[in-house]
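Notes for the one structure printed next.
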Amino acid sequence: MLGYAGRVRSLTTIVHEYVTNNLDACEEAGILPEIEVRVKELAESRYSVYVRDNGPGIPSKHIGKALASVLTGTKFHRYMQQRGQQGIGAGGCTIFALITTGKPIHVRSGTGKEAYACDLSIDIKGNRPLVNNLEQIKSDFRGLIVEGEFGEVKYEKGEHGVYEYIRRTALSNPHASIKLIEPDGNEAVFPRSVTTMPRRPKQILPHPLGISASDLLDFAHTSESRKVTSFLVDSFSRVTHDKVRELVEIAKDVDFEKAPRQLTWEDATKIVNAFKRVKWIGPELDAMSTIGEKQIDIAMRNILNPKFSSVVERKPQVFKGGVPFVVEVGIAYGGEAGRKNGELVSGNILRFANKVPLLFDTGSCAITEAVQGIDWKRYSIAKFDEEPVSVLVNVSSVYIPYSGVGKQAIAQEDEIVEEIKLAVQDAGRKLQRFLSGERHRSVQESGYKTIMRYVSQLSADLEELTGKKKEETQKELRSLIERKYKNLFRGVEGGEESSETETESES
Ligand SMILES: Nc1ncnc2c1ncn2[C@@H]1O[C@H](COP(=O)(O)OP(=O)(O)O)[C@@H](O)[C@H]1O
Ligand SMILES: [Mg+2]
């Protein structure tokens, strides 16, 4: 099963499935999400997971289909940027609980019209949901609570664990307030840092240049159009009847008059090849929902508390000639940025696809390739692996080209890698300006301190030689030196005075 390999990963996958659903449901209903996740250790490799949201809830008559069957998600056939396109959904968690512990998932939900509790399991052979112990309850709770017991899982605080997943989710969803109660009882709270909802992504039709033969068949087999010709016009953006006539000319042996359901793999391949030979207007670019420049900045400041941060959102681009995507990058330096490893700290890359953190398969990802391909020395980072720097990259698209079935890495498409590089370089230039300013400042500061150290002795010696009062010379020298180093004092208060007193006592 997708995502269920390895104990740590399985637990992260479970939390991921529930939390992405929380975020999607709240976003769709225009509700600022409040999410609570509790993980408890019950025995070796056995944990309970509780996830609650304040979303719209799920009506009891739909609950079985929604959370206890597989591949029936409502987002499945929508060409729209949503988190739910990743993984095999809540039904996968129900199956995982059943096969590792034999226990059903307990659900409570309130929709405003009703509040109820029930137990969910699945008749796995028939992919049929089983809803048991359904009872209406008296409660004005709104939202959804799922609670399950899972075996073959493990809670770990490292790079791949639930804690890191939630922390990164908070970074990419600053409009959400998320609380995680860890097995040791520790409460990690990631408060909401902005109160604006993310822009709702628009549902668009796919552009013909971004379509594979298997996509085309998927669309064809769920289409209600009568003929292939009208199916093409209705299902894809920029396809007009004129364009279909061109396609008919190119893919001569395909019968465009038959029902879309009857398209074969060969037909689909021919049509996709024909797509590539027709001249198309570019795709619509406004279908993407990004995190937002300001939001990334606020979230990074809240969670990483850096000395410096810079954020870049690029304009939408296309890959494979027809699929729009957009790249956002944030760089944070100092504070909690970077990855701590005991006393040591190293640069780290925070990867996101449609705001969902990617924790696995780091090596094969376009984001990793792009960030590692940067000549960091040019941005005043001598060694990326030894500096407190975090590079956040979010790629948004209605169609993210994942490189594996686990959907944890973005394929290294040239256009995407290039675009990420440009964005990182852009943000890197601002970092460079900050760091070189900092370094210049620290060189100046040590020069200032060194010179100040001699003032008292020099003034005393001068008094002996010339008879001029030590205090007077001292005052004049001080003001001379301060004038020379006036940049050091610009816009800073307090801090500098203390370093001066320090100098004085040293002298
Ligand atoms: N927390 C929730 N609040 C409201 N509806 C939900 C929630 N979680 C799941 N759903 C509904 O259940 C469906 C199935 O979820 P899922 O299996 O994860 O598929 P997907 O997320 O791909 O749509 C969702 O499409 C949504 O309609
Ligand atoms: Mg889902």
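Each chain in the structure tokens gets a letter, A, B, ..., in the order shown, and its residues are numbered from 1; ligands are numbered from 1 in order too.
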Residues within 9 Å of Asp53 (chain A), only C-alpha atoms, excluding chain neighbours under 2 positions, as a compact mmCIF listing (two decimals) with N, CA, C and O atoms, in the first residue's frame:
# COMPACT_ATOMS: atom_id res chain seq x y z
N VAL A 19 -4.66 14.88 8.12
CA VAL A 19 -4.45 16.33 8.21
C VAL A 19 -4.68 17.02 6.86
O VAL A 19 -5.26 18.10 6.81
N ASN A 22 -8.27 17.45 6.61
CA ASN A 22 -8.73 18.55 7.47
C ASN A 22 -8.54 19.87 6.74
O ASN A 22 -9.45 20.71 6.70
N LEU A 23 -7.34 20.06 6.20
CA LEU A 23 -7.02 21.34 5.56
C LEU A 23 -7.86 21.56 4.31
O LEU A 23 -8.39 22.65 4.08
N CYS A 26 -11.57 22.29 5.34
CA CYS A 26 -11.72 23.64 5.89
C CYS A 26 -11.59 24.69 4.79
O CYS A 26 -12.33 25.66 4.75
N PRO A 33 -8.76 26.65 9.86
CA PRO A 33 -8.64 25.35 10.51
C PRO A 33 -8.04 25.39 11.92
O PRO A 33 -7.09 26.12 12.16
N GLU A 34 -8.67 24.62 12.80
CA GLU A 34 -8.07 24.34 14.11
C GLU A 34 -7.96 22.83 14.18
O GLU A 34 -8.97 22.14 14.20
N ILE A 35 -6.75 22.35 14.22
CA ILE A 35 -6.54 20.91 14.13
C ILE A 35 -5.81 20.42 15.37
O ILE A 35 -4.89 21.08 15.85
N GLU A 36 -6.28 19.30 15.88
CA GLU A 36 -5.53 18.69 16.98
C GLU A 36 -5.19 17.25 16.64
O GLU A 36 -6.04 16.50 16.17
N VAL A 51 -7.38 12.53 15.49
CA VAL A 51 -7.27 13.79 14.74
C VAL A 51 -8.62 14.49 14.73
O VAL A 51 -9.65 13.88 14.42
N GLY A 55 -13.91 21.60 10.82
CA GLY A 55 -14.42 21.79 9.47
C GLY A 55 -15.91 21.53 9.34
O GLY A 55 -16.63 21.54 10.34
N PRO A 56 -16.37 21.30 8.12
CA PRO A 56 -17.81 21.13 7.87
C PRO A 56 -18.36 19.78 8.34
O PRO A 56 -19.57 19.61 8.41
N GLY A 57 -17.47 18.85 8.67
CA GLY A 57 -17.94 17.52 9.05
C GLY A 57 -18.41 16.73 7.83
O GLY A 57 -18.38 17.22 6.70
N ARG A 142 -18.80 20.86 15.86
CA ARG A 142 -18.77 20.95 14.40
C ARG A 142 -17.41 20.49 13.93
O ARG A 142 -16.40 20.96 14.43
N GLY A 143 -17.41 19.59 13.00
CA GLY A 143 -16.14 19.12 12.47
C GLY A 143 -16.08 17.61 12.44
O GLY A 143 -17.12 16.94 12.43
N LEU A 144 -14.89 17.10 12.42
CA LEU A 144 -14.71 15.66 12.31
C LEU A 144 -13.63 15.19 13.28
O LEU A 144 -12.59 15.83 13.42
N ILE A 145 -13.92 14.10 13.98
CA ILE A 145 -12.90 13.45 14.82
C ILE A 145 -12.72 12.03 14.31
O ILE A 145 -13.70 11.30 14.15
So which residues touch Gly6 (chain A) within 10 Å, counting only C-alpha atoms, skipping near sequence neighbours fewer than 5 positions away, as number ranges by chain?
A: 11, 152-154
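Residues with any atom within 6 Å of region 367-383 of chain A, counting only C-alpha atoms and excluding same-chain neighbours fewer than 6 positions away, are Val417, Lys421, Gly428 and Gln432 of chain A.
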Per residue of region 177-271 of chain A within 6 Å of region 314-331 of chain A, what are the shortest atom pair and its distance in Å to one decimal, counting only C-alpha atoms, with rows by chain and residue number, as a Markdown table?
| residue | atom | partner | partner_atom | distance |
| --- | --- | --- | --- | --- |
| A:His207 | CA | A:Gly322 | CA | 5.8 |
| A:Leu209 | CA | A:Gly322 | CA | 4.4 |
| A:Gly210 | CA | A:Gly322 | CA | 4.8 |
Name the residues of region 288-386 of chain A that fall into alpha helix (DSSP H) according to DSSP on the backbone, using the chain letters and numbers of this document, as a ChimeraX atom specification.
/A:293-304,366-372
Do you have the CA of Glu156 (chain A)-CA of Gln408 (chain A) distance handy?
18.7 Å
Nearby polymer residues, ligand 2, at most 6 Å, only C-alpha atoms and all ligand atoms, as a PyMOL selection string
chain A and resi 17+20-21+84+89-90
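Nearest to Asp140 (chain A) of all the residues A:Glu114, A:Glu472, A:Glu445, A:Glu159 is A:Glu114, based on only C-alpha atoms.
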So that I can check the surroundings of region 169-182 of chain A, please list as a PDB file with C-alpha atoms, in the first residue's frame every protein, DNA and RNA residue that reaches within 7 Å of it, counting only C-alpha atoms and ignoring chain neighbours fewer than 5 positions away.
ATOM      1  CA  LEU A  32      -9.868  28.800   9.447  1.00  0.00           C
ATOM      2  CA  PRO A  33      -8.639  25.345  10.509  1.00  0.00           C
ATOM      3  CA  GLU A  34      -8.070  24.337  14.113  1.00  0.00           C
ATOM      4  CA  ILE A  35      -6.542  20.912  14.127  1.00  0.00           C
ATOM      5  CA  GLU A  36      -5.533  18.693  16.984  1.00  0.00           C
ATOM      6  CA  VAL A  37      -3.487  15.542  16.573  1.00  0.00           C
ATOM      7  CA  ARG A  38      -2.822  13.134  19.458  1.00  0.00           C
ATOM      8  CA  VAL A  39      -0.516  10.175  19.191  1.00  0.00           C
ATOM      9  CA  LYS A  40      -0.344   7.670  22.046  1.00  0.00           C
ATOM     10  CA  GLU A 187       2.208  19.512  23.597  1.00  0.00           C
ATOM     11  CA  ALA A 188       3.618  21.156  20.500  1.00  0.00           C
ATOM     12  CA  VAL A 189       1.489  24.115  19.518  1.00  0.00           C
ATOM     13  CA  PHE A 190       1.812  25.850  16.171  1.00  0.00           C
ATOM     14  CA  PRO A 191      -0.469  28.842  16.427  1.00  0.00           C
ATOM     15  CA  ARG A 192      -2.085  30.442  13.408  1.00  0.00           C
ATOM     16  CA  SER A 193       0.116  33.216  12.072  1.00  0.00           C
ATOM     17  CA  VAL A 194      -2.206  34.770   9.479  1.00  0.00           C
ATOM     18  CA  THR A 195      -5.994  35.075   9.533  1.00  0.00           C
ATOM     19  CA  THR A 196      -6.555  35.230   5.798  1.00  0.00           C
ATOM     20  CA  MET A 197      -7.729  32.124   3.992  1.00  0.00           C
ATOM     21  CA  ILE A 291       1.196  29.888   0.098  1.00  0.00           C
ATOM     22  CA  GLN A 295       2.505  34.282   4.509  1.00  0.00           C
ATOM     23  CA  ILE A 296       5.773  32.386   4.028  1.00  0.00           C
ATOM     24  CA  ALA A 299       5.363  31.622   9.050  1.00  0.00           C
ATOM     25  CA  MET A 300       9.153  31.335   8.841  1.00  0.00           C
ATOM     26  CA  LYS A 355       1.840  22.957   0.312  1.00  0.00           C
ATOM     27  CA  VAL A 356       2.200  19.335   1.418  1.00  0.00           C
ATOM     28  CA  PRO A 357       5.559  18.597   3.068  1.00  0.00           C
TER      29      PRO A 357
END
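Minimum distance to Lys294 (chain A) across A:Glu313, A:Arg7, A:Thr362, A:Val424 (counting only C-alpha atoms) occurs at A:Glu313.
Comparing the minimum interatomic distances between ligand 1 and each of A:Arg9, A:His440, A:His16, A:Arg453, counting only C-alpha atoms and all ligand atoms, we find that A:His16 sits nearest.
The nearest approach to Ile137 (chain A) among the residues A:Ser346, A:Asp123, A:Gly110, A:Ser10, with only C-alpha atoms taken into account, belongs to A:Gly110.
The smallest atom-to-atom distance between Ile204 (chain A) and any of A:Arg441, A:Arg168, A:Lys252, A:Arg238, using only C-alpha atoms, is found for A:Arg238.
Of the residues under consideration (A:Arg46, A:Arg52, A:Lys202, A:Arg128), A:Arg52 shows the shortest atom-to-atom contact distance to ligand 1 when counting only C-alpha atoms and all ligand atoms.
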